[in-house]
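Here is the file work-v7.tsv (TSV, C-alpha atoms).
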chain	number	residue	atom	x	y	z
A	1	MET	CA	-12.93	17.48	-13.16
A	2	LYS	CA	-10.70	15.49	-15.47
A	3	ILE	CA	-8.50	13.03	-13.57
A	4	PHE	CA	-5.39	11.32	-14.91
A	5	LEU	CA	-5.15	8.06	-12.96
A	6	ALA	CA	-1.68	6.57	-13.37
A	7	GLY	CA	-1.89	2.91	-12.40
A	8	ALA	CA	-5.62	2.45	-12.99
A	9	SER	CA	-5.37	-1.34	-13.21
A	10	GLY	CA	-3.55	-1.77	-9.89
A	11	VAL	CA	-4.90	-2.79	-6.49
A	12	VAL	CA	-5.91	0.75	-5.49
A	13	GLY	CA	-6.59	1.96	-9.02
A	14	ALA	CA	-9.11	-0.77	-9.75
A	15	ARG	CA	-11.19	0.23	-6.71
A	16	LEU	CA	-10.58	3.96	-7.15
A	17	LEU	CA	-11.56	4.26	-10.81
A	18	PRO	CA	-15.30	3.50	-10.45
A	19	MET	CA	-15.49	5.75	-7.38
A	20	LEU	CA	-14.06	8.67	-9.35
A	21	VAL	CA	-16.51	8.05	-12.18
A	22	GLU	CA	-19.41	7.80	-9.75
A	23	ALA	CA	-18.34	11.11	-8.22
A	24	GLY	CA	-18.80	12.71	-11.64
A	25	HIS	CA	-15.18	12.97	-12.75
A	26	GLU	CA	-13.90	12.25	-16.23
A	27	VAL	CA	-11.08	9.72	-15.88
A	28	VAL	CA	-8.14	8.86	-18.11
A	29	GLY	CA	-6.68	5.63	-16.74
A	30	THR	CA	-3.28	4.19	-17.56
A	31	THR	CA	-1.99	0.67	-17.83
A	32	ARG	CA	1.19	-0.64	-19.42
A	33	THR	CA	-0.46	-2.63	-22.20
A	34	ALA	CA	-3.49	-2.27	-24.45
A	35	ALA	CA	-4.49	-5.80	-23.40
A	36	LYS	CA	-5.84	-4.32	-20.16
A	37	PHE	CA	-7.94	-1.63	-21.82
A	38	GLY	CA	-11.18	-3.63	-21.57
A	39	PRO	CA	-11.68	-3.47	-17.78
A	40	LEU	CA	-10.78	0.23	-17.74
A	41	GLU	CA	-13.31	1.04	-20.44
A	42	LYS	CA	-15.95	-1.06	-18.68
A	43	ALA	CA	-15.33	0.93	-15.48
A	44	GLY	CA	-15.88	4.19	-17.36
A	45	ALA	CA	-12.34	5.40	-18.08
A	46	GLN	CA	-10.59	6.43	-21.24
A	47	PRO	CA	-7.66	3.98	-21.29
A	48	VAL	CA	-4.14	4.87	-22.35
A	49	ALA	CA	-0.95	2.81	-22.44
A	50	MET	CA	1.95	4.34	-20.53
A	51	ASP	CA	5.29	3.29	-19.08
A	52	GLY	CA	5.87	5.29	-15.92
A	53	LEU	CA	9.65	5.02	-16.26
A	54	ASP	CA	9.71	6.26	-19.86
A	55	ARG	CA	9.72	10.06	-19.70
A	56	ASP	CA	8.52	10.50	-23.28
A	57	SER	CA	5.69	8.04	-22.74
A	58	VAL	CA	4.56	9.87	-19.61
A	59	MET	CA	4.87	13.34	-21.14
A	60	HIS	CA	2.82	12.31	-24.16
A	61	ALA	CA	0.08	10.59	-22.14
A	62	VAL	CA	-0.41	13.42	-19.64
A	63	THR	CA	-0.15	16.35	-22.05
A	64	GLU	CA	-2.56	14.66	-24.46
A	65	ALA	CA	-5.06	14.11	-21.65
A	66	LYS	CA	-4.86	17.70	-20.34
A	67	PRO	CA	-6.17	16.74	-16.88
A	68	ASP	CA	-6.97	18.94	-13.90
A	69	VAL	CA	-5.54	16.43	-11.41
A	70	VAL	CA	-2.92	13.66	-11.63
A	71	VAL	CA	-3.25	10.70	-9.25
A	72	HIS	CA	-0.05	8.66	-8.97
A	73	GLN	CA	-0.81	5.01	-8.11
A	74	LEU	CA	2.15	3.43	-9.91
A	75	SER	CA	3.90	0.60	-8.09
A	76	ALA	CA	5.22	-2.89	-8.82
A	77	LEU	CA	4.76	-4.99	-5.72
A	78	THR	CA	3.21	-8.15	-7.14
A	79	ASN	CA	4.14	-11.10	-4.91
A	80	ALA	CA	7.01	-9.27	-3.19
A	81	SER	CA	7.66	-11.45	-0.15
A	82	ASN	CA	11.36	-11.93	0.64
A	83	MET	CA	12.00	-9.86	3.75
A	84	LYS	CA	15.71	-10.69	3.77
A	85	LYS	CA	16.04	-9.07	0.33
A	86	PHE	CA	13.59	-6.28	0.98
A	87	ASP	CA	15.22	-3.60	-1.17
A	88	ALA	CA	15.67	-6.01	-4.06
A	89	GLU	CA	11.98	-6.92	-3.91
A	90	PHE	CA	11.02	-3.24	-3.98
A	91	ALA	CA	13.59	-2.12	-6.57
A	92	MET	CA	11.05	-1.42	-9.34
A	93	THR	CA	8.65	0.32	-6.99
A	94	ASN	CA	11.53	2.44	-5.71
A	95	LYS	CA	12.17	3.57	-9.27
A	96	LEU	CA	8.50	4.40	-9.74
A	97	ARG	CA	8.55	6.40	-6.50
A	98	THR	CA	11.55	8.40	-7.68
A	99	ILE	CA	11.96	8.42	-11.48
A	100	GLY	CA	8.28	7.74	-12.06
A	101	THR	CA	7.28	10.55	-9.71
A	102	ASP	CA	9.67	12.96	-11.41
A	103	ASN	CA	8.26	12.01	-14.83
A	104	LEU	CA	4.65	12.48	-13.76
A	105	MET	CA	5.34	15.78	-12.01
A	106	ALA	CA	7.19	17.17	-15.02
A	107	ALA	CA	4.34	16.17	-17.30
A	108	ALA	CA	1.79	17.61	-14.89
A	109	ARG	CA	3.56	20.97	-14.93
A	110	ASP	CA	3.65	21.01	-18.74
A	111	ALA	CA	-0.03	20.13	-18.89
A	112	GLY	CA	-1.04	22.87	-16.46
A	113	VAL	CA	-2.28	20.45	-13.81
A	114	SER	CA	-3.44	22.07	-10.57
A	115	ARG	CA	-3.22	19.12	-8.14
A	116	PHE	CA	-0.98	16.07	-7.79
A	117	VAL	CA	-1.92	13.18	-5.48
A	118	ALA	CA	0.64	10.40	-4.85
A	119	GLN	CA	0.61	7.20	-2.83
A	120	SER	CA	3.08	6.35	-0.10
A	121	TYR	CA	3.04	3.96	2.86
A	122	ALA	CA	2.27	4.32	6.58
A	123	GLY	CA	3.81	1.70	8.81
A	124	TRP	CA	7.33	0.38	8.97
A	125	PRO	CA	8.83	3.70	7.68
A	126	ASN	CA	7.82	5.37	10.96
A	127	GLU	CA	10.50	6.03	13.55
A	128	ARG	CA	10.71	2.93	15.76
A	129	THR	CA	11.21	4.76	19.06
A	130	GLY	CA	8.85	6.66	21.31
A	131	GLY	CA	5.10	6.16	21.41
A	132	PRO	CA	3.25	3.38	19.55
A	133	VAL	CA	1.32	5.71	17.21
A	134	LYS	CA	2.85	8.40	15.00
A	135	THR	CA	1.41	11.46	13.26
A	136	GLU	CA	2.49	13.10	10.02
A	137	ASP	CA	4.64	15.49	12.07
A	138	ASP	CA	6.77	12.66	13.46
A	139	PRO	CA	9.96	11.79	11.55
A	140	LEU	CA	10.48	8.76	9.40
A	141	ASP	CA	12.93	6.20	10.73
A	142	PRO	CA	16.38	7.83	10.73
A	143	HIS	CA	18.06	4.45	11.12
A	144	PRO	CA	16.24	1.85	9.02
A	145	VAL	CA	17.58	-1.69	9.02
A	146	PRO	CA	20.08	-2.20	6.16
A	147	PRO	CA	17.80	-4.33	3.93
A	148	ALA	CA	15.22	-1.51	3.82
A	149	GLN	CA	17.41	1.57	3.44
A	150	GLU	CA	16.90	2.05	-0.30
A	151	THR	CA	13.15	1.57	-0.04
A	152	LEU	CA	12.84	4.10	2.77
A	153	ALA	CA	15.01	6.53	0.80
A	154	ALA	CA	12.59	6.28	-2.13
A	155	ILE	CA	9.61	6.89	0.16
A	156	ARG	CA	11.38	9.84	1.76
A	157	TYR	CA	12.15	11.29	-1.68
A	158	LEU	CA	8.53	11.12	-2.84
A	159	GLU	CA	7.24	12.62	0.40
A	160	GLN	CA	9.67	15.52	0.08
A	161	VAL	CA	9.31	16.46	-3.59
A	162	VAL	CA	5.54	16.17	-4.01
A	163	PRO	CA	4.45	18.65	-1.31
A	164	ALA	CA	7.38	20.96	-2.19
A	165	ALA	CA	6.30	21.45	-5.82
A	166	GLU	CA	5.59	25.16	-6.22
A	167	GLU	CA	3.44	24.82	-9.34
A	168	LEU	CA	1.21	22.06	-7.93
A	169	ASP	CA	-0.86	21.35	-4.86
A	170	GLY	CA	1.05	18.21	-3.95
A	171	ILE	CA	-0.62	15.70	-1.63
A	172	VAL	CA	0.91	12.44	-0.39
A	173	LEU	CA	-1.34	9.68	0.93
A	174	ARG	CA	0.38	7.23	3.23
A	175	TYR	CA	-1.77	4.13	2.95
A	176	GLY	CA	-1.84	1.65	5.80
A	177	THR	CA	-1.70	-2.10	5.31
A	178	PHE	CA	-4.41	-3.04	2.85
A	179	TYR	CA	-7.04	-5.69	3.39
A	180	GLY	CA	-10.09	-6.50	1.31
A	181	PRO	CA	-10.57	-7.53	-2.35
A	182	GLY	CA	-7.39	-7.95	-4.36
A	183	THR	CA	-5.03	-7.77	-1.38
A	184	GLY	CA	-2.99	-10.34	0.50
A	185	PHE	CA	-5.56	-10.12	3.29
A	186	GLY	CA	-8.49	-10.54	0.87
A	187	GLU	CA	-10.27	-13.48	-0.68
A	188	GLY	CA	-7.67	-15.97	-1.89
A	189	GLY	CA	-4.85	-13.70	-0.68
A	190	ALA	CA	-1.46	-15.20	0.14
A	191	ILE	CA	-1.43	-13.91	3.71
A	192	LEU	CA	-4.80	-15.42	4.53
A	193	GLU	CA	-3.56	-18.71	3.11
A	194	MET	CA	-0.56	-18.58	5.43
A	195	VAL	CA	-2.69	-17.73	8.46
A	196	ARG	CA	-5.14	-20.52	7.72
A	197	ARG	CA	-2.27	-23.03	7.53
A	198	ARG	CA	-0.49	-21.62	10.62
A	199	ARG	CA	2.44	-20.49	8.46
A	200	LEU	CA	2.43	-16.89	9.73
A	201	PRO	CA	3.69	-16.92	13.35
A	202	ILE	CA	3.92	-14.26	16.02
A	203	VAL	CA	7.62	-13.39	16.23
A	204	GLY	CA	9.02	-12.54	19.65
A	205	GLY	CA	6.42	-10.71	21.70
A	206	GLY	CA	4.59	-9.54	18.58
A	207	GLY	CA	4.93	-5.93	19.68
A	208	GLY	CA	5.13	-4.39	16.20
A	209	VAL	CA	2.17	-2.02	15.81
A	210	TRP	CA	0.40	-2.11	12.43
A	211	SER	CA	-2.14	0.30	10.98
A	212	PHE	CA	-4.63	-1.24	8.56
A	213	VAL	CA	-7.07	0.22	6.05
A	214	HIS	CA	-9.70	-1.48	3.93
A	215	ILE	CA	-8.88	-1.05	0.25
A	216	ASP	CA	-12.21	0.70	-0.41
A	217	ASP	CA	-11.65	3.12	2.46
A	218	ALA	CA	-8.22	3.92	0.98
A	219	ALA	CA	-9.81	4.54	-2.41
A	220	GLN	CA	-12.48	6.76	-0.89
A	221	ALA	CA	-9.83	8.83	0.88
A	222	THR	CA	-8.14	9.30	-2.47
A	223	VAL	CA	-11.40	10.53	-4.03
A	224	SER	CA	-11.58	13.07	-1.20
A	225	ALA	CA	-7.96	14.15	-1.74
A	226	VAL	CA	-8.74	15.01	-5.36
A	227	VAL	CA	-10.83	17.96	-4.22
A	228	ARG	CA	-9.99	18.49	-0.53
A	229	GLY	CA	-6.97	19.06	1.67
A	230	SER	CA	-3.93	21.27	1.42
A	231	ARG	CA	-0.48	20.27	0.25
A	232	GLY	CA	1.25	17.88	2.58
A	233	VAL	CA	1.22	14.29	3.85
A	234	TYR	CA	-1.79	12.38	5.16
A	235	ASN	CA	-1.95	9.04	6.96
A	236	ILE	CA	-4.71	6.93	5.40
A	237	VAL	CA	-5.29	4.30	8.07
A	238	ASP	CA	-8.15	3.11	10.26
A	239	ASP	CA	-8.85	4.19	13.85
A	240	ASP	CA	-7.31	1.13	15.48
A	241	PRO	CA	-3.52	0.62	15.31
A	242	ALA	CA	-2.68	-2.68	17.01
A	243	PRO	CA	0.27	-4.96	17.76
A	244	VAL	CA	0.82	-8.19	15.86
A	245	SER	CA	0.11	-10.13	19.05
A	246	GLU	CA	-3.43	-8.73	18.95
A	247	TRP	CA	-4.50	-8.58	15.30
A	248	LEU	CA	-2.92	-11.83	14.08
A	249	PRO	CA	-4.79	-14.16	16.50
A	250	TYR	CA	-7.98	-12.20	15.78
A	251	LEU	CA	-7.50	-12.66	12.04
A	252	ALA	CA	-6.95	-16.38	12.52
A	253	GLU	CA	-10.13	-16.66	14.57
A	254	SER	CA	-12.06	-14.63	11.98
A	255	ILE	CA	-11.32	-17.14	9.24
A	256	GLY	CA	-11.74	-20.22	11.41
A	257	ALA	CA	-8.02	-21.01	11.61
A	258	LYS	CA	-6.05	-22.25	14.59
A	259	SER	CA	-4.17	-19.72	16.70
A	260	PRO	CA	-0.84	-18.69	15.19
A	261	MET	CA	2.35	-20.28	16.44
A	262	ARG	CA	4.95	-18.27	18.33
A	263	VAL	CA	8.59	-18.09	17.27
A	264	PRO	CA	11.41	-16.43	19.26
A	265	ALA	CA	13.01	-13.49	17.49
A	266	TRP	CA	16.44	-15.12	17.66
A	267	LEU	CA	15.10	-18.16	15.82
A	268	ALA	CA	13.21	-16.12	13.24
A	269	ARG	CA	16.03	-13.68	12.45
A	270	PRO	CA	18.13	-16.03	10.25
A	271	MET	CA	15.00	-16.85	8.24
A	272	ILE	CA	13.32	-13.44	7.86
A	273	GLY	CA	16.21	-11.05	8.45
A	274	GLU	CA	16.27	-7.81	10.40
A	275	GLN	CA	13.42	-6.24	8.44
A	276	GLY	CA	11.17	-9.21	9.08
A	277	VAL	CA	11.88	-9.12	12.81
A	278	SER	CA	11.39	-5.36	12.86
A	279	VAL	CA	7.91	-5.39	11.28
A	280	MET	CA	6.82	-8.08	13.74
A	281	THR	CA	8.32	-6.57	16.89
A	282	GLN	CA	9.33	-2.89	16.54
A	283	VAL	CA	7.32	-0.91	13.97
A	284	ARG	CA	4.91	1.85	15.00
A	285	GLY	CA	1.36	2.59	13.93
A	286	SER	CA	-0.09	5.81	12.50
A	287	SER	CA	-2.81	8.30	13.41
A	288	ASN	CA	-5.54	9.23	10.92
A	289	ALA	CA	-6.79	12.35	12.73
A	290	LYS	CA	-5.45	14.78	10.13
A	291	ALA	CA	-6.95	12.90	7.17
A	292	LYS	CA	-10.36	12.60	8.82
A	293	ARG	CA	-10.35	16.28	9.71
A	294	GLU	CA	-8.96	17.88	6.54
A	295	LEU	CA	-10.21	15.43	3.90
A	296	ASP	CA	-13.64	14.98	5.51
A	297	TRP	CA	-12.96	11.26	5.27
A	298	HIS	CA	-15.46	8.79	6.73
A	299	LEU	CA	-14.40	5.16	6.99
A	300	ARG	CA	-16.72	2.29	6.20
A	301	PHE	CA	-14.53	0.11	8.43
A	302	PRO	CA	-13.15	2.22	11.30
A	303	SER	CA	-11.43	-0.89	12.68
A	304	TRP	CA	-9.97	-4.09	11.32
A	305	ARG	CA	-11.90	-5.80	14.13
A	306	HIS	CA	-15.01	-5.26	12.04
A	307	GLY	CA	-13.33	-5.42	8.66
A	308	PHE	CA	-11.53	-8.75	9.09
A	309	PRO	CA	-14.69	-10.77	9.86
A	310	HIS	CA	-16.54	-8.98	7.07
A	311	GLY	CA	-13.83	-9.95	4.62
A	312	ALA	CA	-13.69	-13.49	5.94
A	313	GLN	CA	-17.30	-14.01	4.87
A	314	LEU	CA	-16.16	-13.74	1.25
A	315	ILE	CA	-13.58	-16.54	1.45
A	316	PRO	CA	-14.71	-19.87	-0.11
A	317	VAL	CA	-13.82	-22.98	1.87
A	318	ASN	CA	-11.75	-24.38	-0.99
A	319	ALA	CA	-9.81	-21.18	-1.63
A	320	PHE	CA	-6.64	-22.59	-0.10
A	321	ARG	CA	-6.51	-25.96	-1.85
A	322	GLY	CA	-3.72	-26.56	-4.31
A	323	CYS	CA	-1.97	-23.29	-3.54
A	324	GLY	CA	1.46	-24.90	-3.83
A	325	THR	CA	4.50	-22.86	-2.89
A	326	ARG	CA	2.33	-19.84	-2.03
A	327	CYS	CA	1.40	-21.65	1.19
A	328	ARG	CA	4.97	-22.07	2.39
A	329	PRO	CA	5.84	-20.09	5.52
A	330	TRP	CA	6.38	-16.46	4.51
A	331	TRP	CA	9.86	-16.42	6.04
A	332	MET	CA	10.84	-19.27	3.70
A	333	THR	CA	9.46	-17.68	0.55
A	334	GLY	CA	12.08	-16.71	-1.99
A	335	PRO	CA	12.10	-13.74	-4.36
A	336	ALA	CA	8.93	-13.32	-6.38
A	337	GLN	CA	8.98	-15.30	-9.61
A	338	SER	CA	5.79	-13.89	-11.05
A	339	SER	CA	6.01	-12.72	-14.64
A	340	SER	CA	2.90	-10.57	-14.16
A	341	ARG	CA	4.76	-7.81	-12.38
A	342	SER	CA	3.57	-4.49	-13.70
A	343	HIS	CA	3.71	-0.76	-13.10
A	344	GLY	CA	0.03	-0.75	-12.34
A	345	GLY	CA	-0.71	-0.94	-8.65
A	346	SER	CA	0.20	-1.83	-5.15
A	347	GLY	CA	0.18	-4.98	-3.09
A	348	GLY	CA	2.48	-7.83	-2.08
A	349	SER	CA	4.88	-8.37	0.83
A	350	PRO	CA	3.64	-9.40	4.24
A	351	ARG	CA	2.10	-5.96	4.52
A	352	SER	CA	0.01	-6.68	1.43
A	353	GLY	CA	-0.01	-3.14	0.55
A	354	ARG	CA	3.36	-1.66	0.24

As structure tokens, the full file:
Amino acid sequence: MKIFLAGASGVVGARLLPMLVEAGHEVVGTTRTAAKFGPLEKAGAQPVAMDGLDRDSVMHAVTEAKPDVVVHQLSALTNASNMKKFDAEFAMTNKLRTIGTDNLMAAARDAGVSRFVAQSYAGWPNERTGGPVKTEDDPLDPHPVPPAQETLAAIRYLEQVVPAAEELDGIVLRYGTFYGPGTGFGEGGAILEMVRRRRLPIVGGGGGVWSFVHIDDAAQATVSAVVRGSRGVYNIVDDDPAPVSEWLPYLAESIGAKSPMRVPAWLARPMIGEQGVSVMTQVRGSSNAKAKRELDWHLRFPSWRHGFPHGAQLIPVNAFRGCGTRCRPWWMTGPAQSSSRSHGGSGGSPRSGR
């Protein structure tokens, strides 16, 4: 089939593109500038420049490509890290999840596309009451903390409009927290730097439950969703949701770092805000049973307990030297100053993924 991969140069897109090609698909991959065409061509894609927020740009790119399937991997999360200004950090991604989604879906309809696959996030958007692990049938948080209300609204919008599209088989993939190459938990990643330097503490009791997924497992699930599954939402996470108090010390041990410090929630709150405290103490994990069953998805790393040490083997001993302000405690990090922010992929924030 012919696949239109929007965001082919992003964190997921860069891993997904060669998998799609290897599976025998013809891929048209987008990036914002022609300067990034080289890696896309090398990976086997036909590159095209596109601005996901420019309706004319999107309509032209998709209708010219005439694909069978559109895969929406547009986001702008580079170096997002200020939990106190969560919605501000995610403002561009929120636009891509709303305006960008509308643009891509309109273009897909005009081009006669049969299937539309879009990325979302599994983790803090889950309702923070009840059991520790949620399925796709459980509601999103009806009462998000104020700094995250706009971001959750954008996620909710995407998850409503994509499966509801009558002309398309709309599938939403809720990715868990990424680890592996190109992520904050990967080689040279900001989160690993913080853990190694004991700058990422356990807040309160560390009861927030996180669901992880290796970046290649997430990409492989997306390859499966191109041809399998019915319209709806799927949690793309590993088999092992776990509280911060469990996975953070394990991660530290995996990379040879000292055990993380512990900080009371009352002390952390002025520094990381309500959203920061929530992700460390209140959030719920997600179940992958539906994705494994309906997408015939098989994980290379069923648990972060295996994946973290595997990833740690790729980290050079000098990877954390001279990292400057990136090694400040994450609760002290200000708004991202990177000028490399793009509409190409996902990453950033303490979740490293969304």

Tell me which protein, DNA and RNA residues are within 7 Å of A:Ser120, counting all atoms listed in the file, leaving out same-chain ones fewer than 2 positions away, and put them as a PyMOL selection string. chain A and resi 118+155+172-175

Selected residues written out, C-alpha atoms, as an mmCIF file, in the coordinates of the input:
data_model
loop_
_atom_site.group_PDB
_atom_site.id
_atom_site.type_symbol
_atom_site.label_atom_id
_atom_site.label_comp_id
_atom_site.auth_asym_id
_atom_site.auth_seq_id
_atom_site.Cartn_x
_atom_site.Cartn_y
_atom_site.Cartn_z
ATOM 1 C CA ALA A 118 0.640 10.400 -4.850
ATOM 2 C CA ILE A 155 9.610 6.890 0.160
ATOM 3 C CA VAL A 172 0.910 12.440 -0.390
ATOM 4 C CA LEU A 173 -1.340 9.680 0.930
ATOM 5 C CA ARG A 174 0.380 7.230 3.230
ATOM 6 C CA TYR A 175 -1.770 4.130 2.950
#

Which polymer residues have any atom within 9 Å of an atom of A:Gly182, counting only C-alpha atoms, with same-chain residues fewer than 3 positions away left out, as a count of residues only? 10

From A:Arg128, A:Lys258, A:His306, A:Arg293, residue lying nearest A:His143 [all atoms listed in the file]: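 Smallest distance to A:His143 is found for A:Arg128.
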
Can you pull out the residues contacting A:Met59? Cut-off 9 Å, using all atoms listed in the file, and skip same-chain residues under 5 positions away; I want them as a PDB file with C-alpha atoms, in the coordinates of the input.
ATOM      1  CA  ASP A  54       9.710   6.260 -19.860  1.00  0.00           C
ATOM      2  CA  GLU A  64      -2.560  14.660 -24.460  1.00  0.00           C
ATOM      3  CA  ASN A 103       8.260  12.010 -14.830  1.00  0.00           C
ATOM      4  CA  LEU A 104       4.650  12.480 -13.760  1.00  0.00           C
ATOM      5  CA  ALA A 106       7.190  17.170 -15.020  1.00  0.00           C
ATOM      6  CA  ALA A 107       4.340  16.170 -17.300  1.00  0.00           C
ATOM      7  CA  ALA A 108       1.790  17.610 -14.890  1.00  0.00           C
ATOM      8  CA  ASP A 110       3.650  21.010 -18.740  1.00  0.00           C
ATOM      9  CA  ALA A 111      -0.030  20.130 -18.890  1.00  0.00           C
TER      10      ALA A 111
END

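When all atoms listed in the file are used to measure the gap to A:Arg199, the shortest distance among A:Ser259, A:Thr63, A:Thr33, A:Gln275 belongs to A:Ser259.
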
Suppose you want the space between atom CA of A:Asn235 and atom CA of A:Ala76; what is it in Å?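 Separation of atom CA of A:Asn235 and atom CA of A:Ala76: 21.0 Å.
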
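Residue nearest A:Pro249, chosen from A:Ala88, A:Ala289, A:Pro47, A:Phe308 and counting only C-alpha atoms: A:Phe308.
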
For atom CA of A:Thr98 and atom CA of A:Gly52, quote the distance in Å rounded to one decimal. 10.5 Å
